[in-house]
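Reading through the structure tokens given below for one structure.
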Amino acid sequence: MANSGGFVGIVQNTALHYACLGGHVEAVRLLLDRKGDVTLKNTYDHSPLDLAIDNLHHDVVITMLRDKRLISIRVVQCAAW
């Protein structure tokens, strides 16, 4: 598995992007505990939180939002739910 800050593949997703995209809550927790970068954007300008929101992974979104590093990042998107 790639480290939580390294880009993987053409889309330049990190391990945290893939965990959020797939709805893997435990993997997200592990990567957050290991200081995965929550602000990195992929080629399509999506953050890990964006992917969790877009794919309706509510548990992942809640887990991400509990991380204090996300307080200033576009939390408003969740209001649409």
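Ordering of the structure tokens sets the chain letters (A, B, ...); residue numbers start at 1 within each chain; ligands are numbered from 1 in the order shown.
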Residues near A:Thr43, cut-off 8 Å, only C-alpha atoms, skip fewer than 4 positions along chain, as a ChimeraX atom specification: /A:10-13
DSSP on the backbone, helix (DSSP H, G or I) only: what residues of stretch 5-67 of chain A does that give? Format it as a CSV table (one decimal) with N, CA and C atoms, in the first residue's frame.
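Output file states.csv is given in full below:
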```csv
chain,number,residue,atom,x,y,z
A,15,ALA,N,-3.7,7.1,-0.8
A,15,ALA,CA,-4.4,6.0,-0.2
A,15,ALA,C,-5.6,6.5,0.5
A,16,LEU,N,-5.6,7.7,1.1
A,16,LEU,CA,-6.8,8.3,1.7
A,16,LEU,C,-7.9,8.5,0.7
A,17,HIS,N,-7.5,9.0,-0.5
A,17,HIS,CA,-8.6,9.2,-1.5
A,17,HIS,C,-9.3,7.8,-1.8
A,18,TYR,N,-8.5,6.8,-2.0
A,18,TYR,CA,-9.0,5.5,-2.3
A,18,TYR,C,-9.9,4.9,-1.2
A,19,ALA,N,-9.4,5.1,0.1
A,19,ALA,CA,-10.2,4.6,1.2
A,19,ALA,C,-11.6,5.4,1.3
A,20,CYS,N,-11.5,6.7,1.1
A,20,CYS,CA,-12.8,7.5,1.1
A,20,CYS,C,-13.7,7.1,-0.1
A,21,LEU,N,-13.1,6.9,-1.2
A,21,LEU,CA,-13.9,6.6,-2.4
A,21,LEU,C,-14.6,5.2,-2.2
A,22,GLY,N,-13.9,4.3,-1.6
A,22,GLY,CA,-14.5,3.0,-1.4
A,22,GLY,C,-15.4,2.8,-0.1
A,25,VAL,N,-14.2,2.8,6.2
A,25,VAL,CA,-14.1,3.6,7.4
A,25,VAL,C,-12.8,3.2,8.2
A,26,GLU,N,-12.5,2.0,8.4
A,26,GLU,CA,-11.4,1.6,9.2
A,26,GLU,C,-10.1,2.0,8.6
A,27,ALA,N,-10.0,1.9,7.3
A,27,ALA,CA,-8.8,2.3,6.6
A,27,ALA,C,-8.7,3.9,6.7
A,28,VAL,N,-9.8,4.6,6.6
A,28,VAL,CA,-9.7,6.0,6.7
A,28,VAL,C,-9.2,6.4,8.1
A,29,ARG,N,-9.7,5.7,9.2
A,29,ARG,CA,-9.3,6.0,10.5
A,29,ARG,C,-7.8,5.7,10.7
A,30,LEU,N,-7.3,4.6,10.1
A,30,LEU,CA,-5.9,4.3,10.2
A,30,LEU,C,-5.0,5.4,9.5
A,31,LEU,N,-5.4,5.8,8.3
A,31,LEU,CA,-4.7,6.8,7.6
A,31,LEU,C,-4.7,8.1,8.3
A,32,LEU,N,-5.8,8.5,8.9
A,32,LEU,CA,-5.9,9.7,9.6
A,32,LEU,C,-5.0,9.7,10.9
A,33,ASP,N,-5.0,8.5,11.5
A,33,ASP,CA,-4.1,8.3,12.7
A,33,ASP,C,-2.7,8.5,12.3
A,48,PRO,N,-10.0,13.9,-0.5
A,48,PRO,CA,-10.6,12.7,0.0
A,48,PRO,C,-12.0,12.9,0.5
A,49,LEU,N,-12.3,14.0,1.2
A,49,LEU,CA,-13.6,14.3,1.7
A,49,LEU,C,-14.6,14.4,0.5
A,50,ASP,N,-14.2,15.1,-0.5
A,50,ASP,CA,-15.1,15.3,-1.7
A,50,ASP,C,-15.5,13.9,-2.2
A,51,LEU,N,-14.6,12.9,-2.3
A,51,LEU,CA,-14.9,11.6,-2.8
A,51,LEU,C,-15.9,10.9,-1.9
A,52,ALA,N,-15.7,11.0,-0.6
A,52,ALA,CA,-16.7,10.4,0.3
A,52,ALA,C,-18.0,11.0,0.2
A,53,ILE,N,-18.1,12.3,0.1
A,53,ILE,CA,-19.4,13.0,-0.1
A,53,ILE,C,-20.1,12.6,-1.4
A,54,ASP,N,-19.3,12.6,-2.5
A,54,ASP,CA,-19.9,12.3,-3.8
A,54,ASP,C,-20.4,10.9,-3.9
A,58,HIS,N,-21.6,8.1,4.2
A,58,HIS,CA,-21.8,8.9,5.4
A,58,HIS,C,-20.9,8.7,6.6
A,59,ASP,N,-20.6,7.4,6.9
A,59,ASP,CA,-19.7,7.1,8.0
A,59,ASP,C,-18.3,7.6,7.7
A,60,VAL,N,-17.9,7.6,6.5
A,60,VAL,CA,-16.5,8.1,6.2
A,60,VAL,C,-16.5,9.6,6.3
A,61,VAL,N,-17.6,10.3,5.8
A,61,VAL,CA,-17.7,11.7,6.0
A,61,VAL,C,-17.7,12.1,7.4
A,62,ILE,N,-18.4,11.5,8.3
A,62,ILE,CA,-18.4,11.8,9.7
A,62,ILE,C,-17.0,11.6,10.3
A,63,THR,N,-16.4,10.5,9.9
A,63,THR,CA,-15.0,10.2,10.4
A,63,THR,C,-14.1,11.3,10.0
A,64,MET,N,-14.2,11.7,8.7
A,64,MET,CA,-13.3,12.7,8.2
A,64,MET,C,-13.6,14.1,8.9
A,65,LEU,N,-14.8,14.4,9.1
A,65,LEU,CA,-15.2,15.7,9.8
A,65,LEU,C,-14.7,15.7,11.2
A,66,ARG,N,-14.6,14.6,11.9
A,66,ARG,CA,-14.1,14.6,13.3
A,66,ARG,C,-12.7,14.9,13.4
```
Coordinates-based distance that separates atom CA of A:Ser47 from atom CA of A:Lys68 (Å, one decimal):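 Calculated distance between atom CA of A:Lys68 and atom CA of A:Ser47 is 15.6 Å.
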